[in-house]
file work-v9.tsv (TSV, C-alpha atoms and all ligand atoms)
chain	number	residue	atom	x	y	z
A	1	MET	CA	-6.27	27.17	-4.56
A	2	ASP	CA	-6.52	23.41	-5.13
A	3	LYS	CA	-5.07	21.29	-2.37
A	4	LYS	CA	-1.93	19.30	-3.13
A	5	ARG	CA	-2.88	15.62	-3.39
A	6	ILE	CA	-0.55	13.15	-1.73
A	7	ALA	CA	-1.17	9.41	-2.13
A	8	LEU	CA	0.32	7.08	0.49
A	9	PHE	CA	0.74	3.38	-0.22
A	10	GLY	CA	1.66	1.19	2.74
A	11	GLY	CA	2.52	-2.51	2.69
A	12	THR	CA	5.22	-5.05	3.29
A	13	PHE	CA	6.37	-5.05	-0.36
A	14	ASP	CA	8.10	-8.38	0.21
A	15	PRO	CA	8.96	-8.07	-2.64
A	16	ILE	CA	7.37	-5.22	-4.60
A	17	HIS	CA	5.73	-6.57	-7.78
A	18	LEU	CA	3.97	-5.37	-10.93
A	19	GLY	CA	0.61	-5.55	-9.12
A	20	HIS	CA	1.79	-2.89	-6.66
A	21	THR	CA	3.19	-0.59	-9.34
A	22	GLY	CA	0.30	-1.21	-11.76
A	23	VAL	CA	-2.53	-0.35	-9.37
A	24	SER	CA	-0.64	2.52	-7.76
A	25	LYS	CA	0.07	4.07	-11.16
A	26	SER	CA	-3.61	3.79	-12.06
A	27	SER	CA	-4.63	5.34	-8.70
A	28	PHE	CA	-2.05	8.10	-9.10
A	29	GLU	CA	-3.58	9.03	-12.44
A	30	LYS	CA	-7.22	8.65	-11.40
A	31	THR	CA	-6.88	10.72	-8.21
A	32	GLY	CA	-4.75	13.36	-9.97
A	33	ALA	CA	-2.16	13.00	-7.19
A	34	ASP	CA	0.94	15.19	-7.20
A	35	LYS	CA	3.05	12.64	-5.36
A	36	LEU	CA	2.80	8.99	-4.36
A	37	LEU	CA	4.81	7.69	-1.42
A	38	PHE	CA	5.48	3.99	-0.87
A	39	ILE	CA	5.66	3.36	2.87
A	40	PRO	CA	7.13	-0.08	3.63
A	41	ALA	CA	6.22	-1.60	6.99
A	42	ARG	CA	8.96	-2.60	9.41
A	43	GLN	CA	10.13	-6.18	9.95
A	44	VAL	CA	9.17	-7.31	13.45
A	45	ALA	CA	11.14	-10.25	14.87
A	46	LEU	CA	9.08	-13.37	15.66
A	47	LYS	CA	5.82	-11.76	14.53
A	48	ALA	CA	3.51	-13.71	12.22
A	49	ASN	CA	3.18	-12.00	8.81
A	50	SER	CA	6.39	-10.05	9.39
A	51	PRO	CA	8.29	-9.49	6.14
A	52	VAL	CA	10.70	-12.25	5.13
A	53	VAL	CA	13.54	-10.04	3.96
A	54	SER	CA	15.12	-7.07	5.73
A	55	ASP	CA	13.85	-3.52	5.73
A	56	HIS	CA	16.95	-2.44	3.82
A	57	HIS	CA	16.41	-4.91	0.96
A	58	ARG	CA	12.69	-4.14	0.65
A	59	GLN	CA	13.35	-0.41	0.53
A	60	LYS	CA	16.06	-0.91	-2.13
A	61	MET	CA	13.72	-3.03	-4.26
A	62	ILE	CA	11.02	-0.34	-4.10
A	63	GLU	CA	13.56	2.28	-5.18
A	64	LEU	CA	14.52	0.13	-8.18
A	65	ALA	CA	10.90	-0.60	-9.13
A	66	ILE	CA	9.77	3.04	-9.08
A	67	ALA	CA	12.91	4.62	-10.54
A	68	ASP	CA	11.14	5.40	-13.83
A	69	PHE	CA	7.87	6.65	-12.30
A	70	ASN	CA	7.61	10.44	-12.10
A	71	GLY	CA	6.14	11.56	-8.78
A	72	PHE	CA	6.77	8.23	-7.00
A	73	GLU	CA	9.00	8.13	-3.91
A	74	VAL	CA	9.71	5.79	-1.02
A	75	SER	CA	9.49	6.86	2.63
A	76	ASP	CA	11.35	5.15	5.47
A	77	TYR	CA	8.95	6.63	8.04
A	78	GLU	CA	7.62	3.30	9.36
A	79	LEU	CA	11.02	1.60	9.06
A	80	THR	CA	12.67	4.07	11.40
A	81	LYS	CA	9.87	4.33	13.93
A	82	PRO	CA	10.62	2.29	17.07
A	83	ALA	CA	7.02	1.55	18.11
A	84	PRO	CA	4.57	-0.41	15.94
A	85	ALA	CA	3.28	1.93	13.25
A	86	TYR	CA	-0.48	2.07	12.97
A	87	THR	CA	-1.83	3.44	9.70
A	88	LEU	CA	-3.66	6.21	11.56
A	89	ASP	CA	-0.42	7.37	13.24
A	90	THR	CA	1.37	7.38	9.90
A	91	VAL	CA	-1.43	9.38	8.28
A	92	LEU	CA	-1.43	11.90	11.13
A	93	CYS	CA	2.32	12.30	10.87
A	94	PHE	CA	2.14	12.98	7.12
A	95	LYS	CA	-0.80	15.34	7.65
A	96	GLU	CA	1.38	17.39	9.92
A	97	LYS	CA	4.34	17.19	7.56
A	98	PHE	CA	2.43	18.33	4.46
A	99	GLY	CA	0.16	20.79	6.31
A	100	PRO	CA	-3.45	21.89	5.75
A	101	GLN	CA	-2.88	22.59	2.06
A	102	ALA	CA	-2.48	18.87	1.36
A	103	GLU	CA	-5.15	16.21	0.95
A	104	LEU	CA	-4.03	12.69	1.85
A	105	TYR	CA	-5.12	9.50	0.08
A	106	TRP	CA	-4.26	6.16	1.69
A	107	LEU	CA	-4.36	3.28	-0.80
A	108	ILE	CA	-5.43	-0.26	0.07
A	109	GLY	CA	-6.28	-3.31	-2.03
A	110	ALA	CA	-9.74	-4.90	-1.95
A	111	ASP	CA	-8.30	-7.83	0.06
A	112	CYS	CA	-8.11	-5.48	3.08
A	113	VAL	CA	-11.83	-4.65	3.17
A	114	GLU	CA	-13.03	-7.51	5.40
A	115	ASP	CA	-10.23	-6.83	7.85
A	116	LEU	CA	-10.87	-3.09	8.22
A	117	PRO	CA	-13.14	-3.39	11.32
A	118	ARG	CA	-10.06	-4.70	13.16
A	119	TRP	CA	-7.78	-1.82	12.10
A	120	TYR	CA	-6.62	0.53	14.84
A	121	LYS	CA	-9.12	3.41	15.29
A	122	ILE	CA	-10.58	2.76	11.85
A	123	GLU	CA	-13.27	5.43	12.18
A	124	GLN	CA	-10.67	8.11	12.80
A	125	LEU	CA	-8.64	6.83	9.88
A	126	ILE	CA	-11.66	7.15	7.58
A	127	ASP	CA	-12.20	10.70	8.88
A	128	GLN	CA	-8.59	11.82	8.62
A	129	CYS	CA	-7.84	10.88	5.01
A	130	ARG	CA	-9.39	9.55	1.84
A	131	LEU	CA	-9.13	5.81	2.39
A	132	CYS	CA	-9.06	4.55	-1.21
A	133	THR	CA	-9.83	0.95	-2.08
A	134	MET	CA	-8.37	-0.53	-5.27
A	135	TYR	CA	-9.71	-3.56	-7.10
A	136	ARG	CA	-7.88	-6.87	-6.66
A	137	THR	CA	-8.14	-10.20	-8.49
A	138	GLY	CA	-9.83	-12.88	-6.41
A	139	TYR	CA	-11.73	-10.39	-4.22
A	140	ASN	CA	-15.20	-8.90	-4.58
A	141	LYS	CA	-15.64	-5.50	-6.11
A	142	PRO	CA	-15.25	-3.26	-3.05
A	143	ASN	CA	-18.51	-2.30	-1.33
A	144	PHE	CA	-18.93	-0.84	2.14
A	145	ASP	CA	-22.73	-0.73	2.50
A	146	LYS	CA	-22.73	-3.49	5.10
A	147	PHE	CA	-20.60	-1.35	7.43
A	148	ALA	CA	-23.20	1.44	7.72
A	149	ASP	CA	-24.42	0.30	11.16
A	150	LEU	CA	-20.85	0.03	12.40
A	151	TRP	CA	-19.31	3.26	11.07
A	152	GLY	CA	-22.31	5.39	10.06
A	153	ILE	CA	-23.71	6.34	6.70
A	154	GLU	CA	-21.41	9.32	6.13
A	155	ARG	CA	-18.25	7.26	6.52
A	156	VAL	CA	-19.63	4.57	4.24
A	157	ARG	CA	-20.48	7.22	1.65
A	158	LYS	CA	-16.92	8.55	1.84
A	159	LEU	CA	-15.45	5.06	1.43
A	160	GLN	CA	-17.72	4.33	-1.54
A	161	GLU	CA	-16.71	7.60	-3.23
A	162	ASN	CA	-13.07	6.69	-2.86
A	163	ILE	CA	-13.18	3.28	-4.50
A	164	ILE	CA	-10.77	3.32	-7.43
A	165	GLU	CA	-11.43	1.04	-10.37
A	166	THR	CA	-7.87	-0.15	-10.93
A	167	PRO	CA	-6.85	-2.84	-13.43
A	168	LEU	CA	-6.96	-6.41	-12.15
A	169	ILE	CA	-3.40	-7.67	-11.88
A	170	ASP	CA	-3.21	-11.21	-10.60
A	171	ILE	CA	0.07	-11.06	-8.68
A	172	SER	CA	0.86	-11.39	-4.97
A	173	SER	CA	4.13	-11.28	-3.06
A	174	SER	CA	3.42	-14.63	-1.40
A	175	GLU	CA	3.04	-16.39	-4.73
A	176	LEU	CA	6.16	-14.66	-6.00
A	177	ARG	CA	8.15	-15.86	-2.97
A	178	GLN	CA	6.95	-19.42	-3.49
A	179	ARG	CA	7.91	-19.36	-7.15
A	180	LEU	CA	11.33	-17.86	-6.44
A	181	ALA	CA	12.05	-20.51	-3.81
A	182	ALA	CA	11.01	-23.21	-6.28
A	183	GLY	CA	13.29	-21.77	-8.98
A	184	ARG	CA	10.37	-20.97	-11.28
A	185	ASP	CA	10.16	-18.13	-13.80
A	186	VAL	CA	8.83	-14.88	-12.30
A	187	SER	CA	9.94	-12.45	-15.00
A	188	ASP	CA	6.37	-11.40	-15.81
A	189	MET	CA	5.58	-10.65	-12.16
A	190	LEU	CA	8.15	-8.05	-11.25
A	191	ASP	CA	10.50	-5.40	-12.62
A	192	GLY	CA	13.70	-6.77	-14.19
A	193	LYS	CA	15.90	-4.61	-11.95
A	194	VAL	CA	14.16	-6.00	-8.87
A	195	LEU	CA	14.65	-9.56	-10.12
A	196	ASN	CA	18.37	-8.92	-10.65
A	197	TYR	CA	18.62	-7.48	-7.14
A	198	ILE	CA	16.91	-10.57	-5.69
A	199	LYS	CA	19.32	-12.88	-7.54
A	200	GLU	CA	22.44	-10.87	-6.66
A	201	ASN	CA	21.50	-10.86	-2.99
A	202	HIS	CA	20.20	-14.46	-2.90
A	203	LEU	CA	16.86	-13.41	-1.46
A	204	TYR	CA	13.80	-15.65	-1.07
A	205	GLY	CA	15.84	-18.83	-1.44
A	206	CYS	CA	17.16	-17.80	-4.86
B	301	LIG	P1	1.29	-11.06	0.37
B	301	LIG	O1	0.98	-11.97	-0.76
B	301	LIG	O2	2.60	-11.37	1.06
B	301	LIG	O3	0.14	-10.89	1.34
B	301	LIG	P2	0.74	-8.68	-1.23
B	301	LIG	O4	1.02	-9.07	-2.63
B	301	LIG	O5	-0.68	-8.57	-0.80
B	301	LIG	O6	1.57	-9.59	-0.22
B	301	LIG	P3	1.47	-6.31	0.28
B	301	LIG	O7	2.81	-5.65	0.32
B	301	LIG	O8	1.01	-7.01	1.49
B	301	LIG	O9	1.48	-7.30	-1.00
B	301	LIG	O10	0.36	-5.27	-0.22
B	301	LIG	C1	0.42	-3.89	0.05
B	301	LIG	C2	-0.88	-3.28	-0.41
B	301	LIG	O11	-1.02	-3.47	-1.82
B	301	LIG	C3	-2.14	-3.92	0.21
B	301	LIG	O12	-3.09	-2.90	0.45
B	301	LIG	C4	-2.63	-4.87	-0.86
B	301	LIG	O13	-4.03	-5.03	-0.78
B	301	LIG	C5	-2.25	-4.13	-2.14
B	301	LIG	N1	-1.96	-5.03	-3.26
B	301	LIG	C6	-0.94	-5.90	-3.37
B	301	LIG	N2	-0.98	-6.54	-4.56
B	301	LIG	C7	-2.05	-6.07	-5.22
B	301	LIG	C8	-2.65	-6.36	-6.51
B	301	LIG	N3	-2.14	-7.28	-7.32
B	301	LIG	N4	-3.77	-5.67	-6.85
B	301	LIG	C9	-4.32	-4.75	-6.00
B	301	LIG	N5	-3.80	-4.42	-4.79
B	301	LIG	C10	-2.69	-5.08	-4.39
call {"tool": "encode", "arguments": {"input": "work-v9.tsv", "output": "structure tokens", "more": "lines below"}}
Ligand code: ATP
result
Amino acid sequence: MDKKRIALFGGTFDPIHLGHTGVSKSSFEKTGADKLLFIPARQVALKANSPVVSDHHRQKMIELAIADFNGFEVSDYELTKPAPAYTLDTVLCFKEKFGPQAELYWLIGADCVEDLPRWYKIEQLIDQCRLCTMYRTGYNKPNFDKFADLWGIERVRKLQENIIETPLIDISSSELRQRLAAGRDVSDMLDGKVLNYIKENHLYGC
């Protein structure tokens, strides 16, 4: 029997934009996943790079953005976990939850590649799931050959096999936040329901 394929997509989603939904939809189709879970990261007080808006608002915006996508769901796993959530811990938790009949895919954008050597227990993470790298505008086409000495040839082969050629969508949350704060038009960068939510709740200086 084929294993059930579960794609996990972590991030701050501050806010979720059409880049997130576009590449995740493409990855969902290309991997033949049965389910895709968005896993927003928790807001940590006084920490650099911590999300600007609350966990509650970011989760709500994800729900609005994926409402029309069959098979897409949002998980509050990292939001409700007291300790810092490392990707490996999250993957291990979902492995246990879905059991041996599931194969887990963890999605990252190409902007994460250079940072991977600093990720918590990265070698175990590569071993425990299919770490899938999606294309991203402004970043090189993903390639892991240079990490062979660090992680070994087998891990590099696995990473290379799991590169997903997603469409290039030139949108980032940081640019969106800047535009919102400056009162500029962002209607082509995010879902209309998410934009309404941002305006109604006066988020990002709106
Ligand atoms: P910021 O601009 O604040 O850094 P972001 O737009 O990169 O935010 P995140 O929530 O940090 O959004 O990203 C979550 C995941 O989605 C990361 O793995 C990131 O690489 C990926 N990602 C985000 N936007 C895109 C995009 N336009 N194309 C491909 N991958 C993306």
call {"tool": "residues_near_ligand", "arguments": {"input": "work-v9.tsv", "ligand": "ligand LIG 301 (chain B)", "cutoff": "7 Å", "atoms": "all atoms listed in the file", "output": "JSON, numbers by chain"}}
result
{"A": [9, 10, 11, 12, 13, 14, 16, 19, 20, 23, 107, 108, 109, 110, 111, 112, 134, 135, 136, 137, 168, 169, 170, 171, 172, 173, 174, 175]}
call {"tool": "closest_residue", "arguments": {"input": "work-v9.tsv", "among": "A:Arg42, A:Lys95, A:Lys60, A:Arg5", "to": "A:Lys193", "atoms": "all atoms listed in the file"}}
result
A:Lys60
call {"tool": "residues_near_point", "arguments": {"input": "work-v9.tsv", "point": "(2.1, 18.9, 4.1)", "cutoff": "12 Å", "atoms": "all atoms listed in the file", "output": "JSON, numbers by chain"}}
result
{"A": [3, 4, 5, 6, 7, 34, 35, 91, 92, 93, 94, 95, 96, 97, 98, 99, 100, 101, 102, 103, 104]}
call {"tool": "atom_distance", "arguments": {"input": "work-v9.tsv", "atom1": "atom CA of A:Arg130", "atom2": "atom CA of A:Asp115"}}
result
17.5 Å
call {"tool": "closest_atom_pairs", "arguments": {"input": "work-v9.tsv", "of": "stretch 61-131 of chain A", "to": "stretch 148-158 of chain A", "cutoff": "12 Å", "atoms": "all atoms listed in the file", "output": "Markdown table"}}
result
| residue | atom | partner | partner_atom | distance |
| --- | --- | --- | --- | --- |
| A:Tyr105 | CA | A:Lys158 | CA | 12.0 |
| A:Leu116 | CA | A:Trp151 | CA | 10.9 |
| A:Pro117 | CA | A:Leu150 | CA | 8.5 |
| A:Arg118 | CA | A:Leu150 | CA | 11.8 |
| A:Lys121 | CA | A:Trp151 | CA | 11.0 |
| A:Ile122 | CA | A:Trp151 | CA | 8.8 |
| A:Glu123 | CA | A:Trp151 | CA | 6.5 |
| A:Gln124 | CA | A:Arg155 | CA | 9.9 |
| A:Leu125 | CA | A:Arg155 | CA | 10.2 |
| A:Ile126 | CA | A:Arg155 | CA | 6.7 |
| A:Asp127 | CA | A:Arg155 | CA | 7.3 |
| A:Gln128 | CA | A:Arg155 | CA | 10.9 |
| A:Cys129 | CA | A:Lys158 | CA | 9.9 |
| A:Arg130 | CA | A:Lys158 | CA | 7.6 |
| A:Leu131 | CA | A:Lys158 | CA | 8.3 |
call {"tool": "closest_residue", "arguments": {"input": "work-v9.tsv", "among": "A:Val74, A:Val186, A:Ile163, A:Ala33", "to": "A:His56", "atoms": "only C-alpha atoms"}}
result
A:Val74
call {"tool": "atom_distance", "arguments": {"input": "work-v9.tsv", "atom1": "atom CA of A:Leu195", "atom2": "atom CA of A:Glu29"}}
result
26.1 Å
call {"tool": "closest_residue", "arguments": {"input": "work-v9.tsv", "among": "A:Asp2, A:Glu63, A:Glu78, A:Asp55", "to": "A:Ile39", "atoms": "only C-alpha atoms"}}
result
A:Glu78
call {"tool": "decode", "arguments": {"input": "work-v9.tsv", "residues": "stretch 131-161 of chain A", "atoms": "N, CA, C and O atoms", "output": "mmCIF file, in the first residue's frame"}}
result
data_model
loop_
_atom_site.group_PDB
_atom_site.id
_atom_site.type_symbol
_atom_site.label_atom_id
_atom_site.label_comp_id
_atom_site.auth_asym_id
_atom_site.auth_seq_id
_atom_site.Cartn_x
_atom_site.Cartn_y
_atom_site.Cartn_z
ATOM 1 N N LEU A 131 13.119 16.615 3.114
ATOM 2 C CA LEU A 131 13.263 18.067 3.222
ATOM 3 C C LEU A 131 13.238 18.618 1.795
ATOM 4 O O LEU A 131 14.175 18.410 1.019
ATOM 5 N N CYS A 132 12.151 19.283 1.445
ATOM 6 C CA CYS A 132 11.918 19.706 0.054
ATOM 7 C C CYS A 132 12.219 21.182 -0.119
ATOM 8 O O CYS A 132 11.693 22.018 0.627
ATOM 9 N N THR A 133 13.030 21.507 -1.085
ATOM 10 C CA THR A 133 13.398 22.908 -1.315
ATOM 11 C C THR A 133 12.688 23.447 -2.552
ATOM 12 O O THR A 133 12.778 22.865 -3.632
ATOM 13 N N MET A 134 11.996 24.555 -2.366
ATOM 14 C CA MET A 134 11.232 25.182 -3.461
ATOM 15 C C MET A 134 12.025 26.360 -4.022
ATOM 16 O O MET A 134 12.798 26.993 -3.305
ATOM 17 N N TYR A 135 11.804 26.644 -5.275
ATOM 18 C CA TYR A 135 12.494 27.776 -5.909
ATOM 19 C C TYR A 135 12.005 29.091 -5.279
ATOM 20 O O TYR A 135 10.870 29.184 -4.815
ATOM 21 N N ARG A 136 12.863 30.101 -5.292
ATOM 22 C CA ARG A 136 12.425 31.431 -4.837
ATOM 23 C C ARG A 136 13.141 32.520 -5.622
ATOM 24 O O ARG A 136 14.369 32.467 -5.790
ATOM 25 N N THR A 137 12.384 33.517 -6.049
ATOM 26 C CA THR A 137 12.943 34.665 -6.776
ATOM 27 C C THR A 137 14.067 35.302 -5.968
ATOM 28 O O THR A 137 13.927 35.483 -4.761
ATOM 29 N N GLY A 138 15.161 35.626 -6.644
ATOM 30 C CA GLY A 138 16.254 36.329 -5.977
ATOM 31 C C GLY A 138 17.269 35.380 -5.356
ATOM 32 O O GLY A 138 18.272 35.827 -4.805
ATOM 33 N N TYR A 139 17.012 34.085 -5.425
ATOM 34 C CA TYR A 139 17.936 33.097 -4.849
ATOM 35 C C TYR A 139 18.323 32.087 -5.921
ATOM 36 O O TYR A 139 17.535 31.799 -6.829
ATOM 37 N N ASN A 140 19.545 31.538 -5.788
ATOM 38 C CA ASN A 140 20.012 30.561 -6.772
ATOM 39 C C ASN A 140 19.088 29.360 -6.820
ATOM 40 O O ASN A 140 18.441 29.009 -5.826
ATOM 41 N N LYS A 141 19.071 28.724 -7.978
ATOM 42 C CA LYS A 141 18.410 27.434 -8.098
ATOM 43 C C LYS A 141 19.020 26.526 -7.031
ATOM 44 O O LYS A 141 20.251 26.447 -6.922
ATOM 45 N N PRO A 142 18.189 25.874 -6.204
ATOM 46 C CA PRO A 142 18.776 25.105 -5.100
ATOM 47 C C PRO A 142 19.752 24.044 -5.579
ATOM 48 O O PRO A 142 19.512 23.363 -6.581
ATOM 49 N N ASN A 143 20.875 23.924 -4.857
ATOM 50 C CA ASN A 143 21.871 22.890 -5.149
ATOM 51 C C ASN A 143 22.649 22.604 -3.859
ATOM 52 O O ASN A 143 23.088 23.531 -3.187
ATOM 53 N N PHE A 144 22.765 21.322 -3.538
ATOM 54 C CA PHE A 144 23.354 20.951 -2.252
ATOM 55 C C PHE A 144 24.728 20.294 -2.372
ATOM 56 O O PHE A 144 25.278 19.850 -1.374
ATOM 57 N N ASP A 145 25.272 20.228 -3.593
ATOM 58 C CA ASP A 145 26.538 19.509 -3.809
ATOM 59 C C ASP A 145 27.639 19.956 -2.850
ATOM 60 O O ASP A 145 28.418 19.146 -2.368
ATOM 61 N N LYS A 146 27.670 21.258 -2.566
ATOM 62 C CA LYS A 146 28.773 21.759 -1.734
ATOM 63 C C LYS A 146 28.691 21.286 -0.274
ATOM 64 O O LYS A 146 29.631 21.467 0.489
ATOM 65 N N PHE A 147 27.560 20.677 0.103
ATOM 66 C CA PHE A 147 27.418 20.202 1.481
ATOM 67 C C PHE A 147 27.802 18.726 1.647
ATOM 68 O O PHE A 147 27.605 18.152 2.707
ATOM 69 N N ALA A 148 28.342 18.128 0.581
ATOM 70 C CA ALA A 148 28.646 16.685 0.630
ATOM 71 C C ALA A 148 29.651 16.345 1.737
ATOM 72 O O ALA A 148 29.490 15.356 2.451
ATOM 73 N N ASP A 149 30.684 17.199 1.903
ATOM 74 C CA ASP A 149 31.684 16.907 2.940
ATOM 75 C C ASP A 149 31.072 17.029 4.338
ATOM 76 O O ASP A 149 31.449 16.317 5.263
ATOM 77 N N LEU A 150 30.144 17.935 4.450
ATOM 78 C CA LEU A 150 29.522 18.216 5.756
ATOM 79 C C LEU A 150 28.513 17.138 6.152
ATOM 80 O O LEU A 150 28.523 16.629 7.268
ATOM 81 N N TRP A 151 27.628 16.778 5.225
ATOM 82 C CA TRP A 151 26.498 15.901 5.580
ATOM 83 C C TRP A 151 26.597 14.507 4.946
ATOM 84 O O TRP A 151 25.791 13.635 5.242
ATOM 85 N N GLY A 152 27.530 14.317 4.042
ATOM 86 C CA GLY A 152 27.656 13.017 3.364
ATOM 87 C C GLY A 152 26.868 12.985 2.065
ATOM 88 O O GLY A 152 25.857 13.689 1.911
ATOM 89 N N ILE A 153 27.364 12.126 1.175
ATOM 90 C CA ILE A 153 26.819 12.067 -0.184
ATOM 91 C C ILE A 153 25.360 11.607 -0.225
ATOM 92 O O ILE A 153 24.544 12.100 -1.004
ATOM 93 N N GLU A 154 25.013 10.669 0.659
ATOM 94 C CA GLU A 154 23.642 10.145 0.650
ATOM 95 C C GLU A 154 22.617 11.219 1.015
ATOM 96 O O GLU A 154 21.547 11.326 0.410
ATOM 97 N N ARG A 155 22.968 12.025 2.014
ATOM 98 C CA ARG A 155 22.035 13.092 2.415
ATOM 99 C C ARG A 155 21.914 14.131 1.304
ATOM 100 O O ARG A 155 20.821 14.640 1.032
ATOM 101 N N VAL A 156 23.037 14.432 0.670
ATOM 102 C CA VAL A 156 22.993 15.412 -0.423
ATOM 103 C C VAL A 156 22.149 14.871 -1.574
ATOM 104 O O VAL A 156 21.332 15.590 -2.166
ATOM 105 N N ARG A 157 22.294 13.581 -1.845
ATOM 106 C CA ARG A 157 21.488 12.975 -2.920
ATOM 107 C C ARG A 157 19.993 13.101 -2.588
ATOM 108 O O ARG A 157 19.174 13.470 -3.416
ATOM 109 N N LYS A 158 19.664 12.843 -1.328
ATOM 110 C CA LYS A 158 18.258 12.924 -0.912
ATOM 111 C C LYS A 158 17.721 14.360 -1.066
ATOM 112 O O LYS A 158 16.620 14.577 -1.571
ATOM 113 N N LEU A 159 18.552 15.325 -0.648
ATOM 114 C CA LEU A 159 18.125 16.732 -0.775
ATOM 115 C C LEU A 159 17.933 17.113 -2.241
ATOM 116 O O LEU A 159 16.964 17.802 -2.601
ATOM 117 N N GLN A 160 18.861 16.671 -3.076
ATOM 118 C CA GLN A 160 18.774 17.001 -4.513
ATOM 119 C C GLN A 160 17.498 16.411 -5.125
ATOM 120 O O GLN A 160 16.830 17.050 -5.923
ATOM 121 N N GLU A 161 17.178 15.173 -4.714
ATOM 122 C CA GLU A 161 15.984 14.504 -5.266
ATOM 123 C C GLU A 161 14.698 15.190 -4.852
ATOM 124 O O GLU A 161 13.669 15.024 -5.486
#
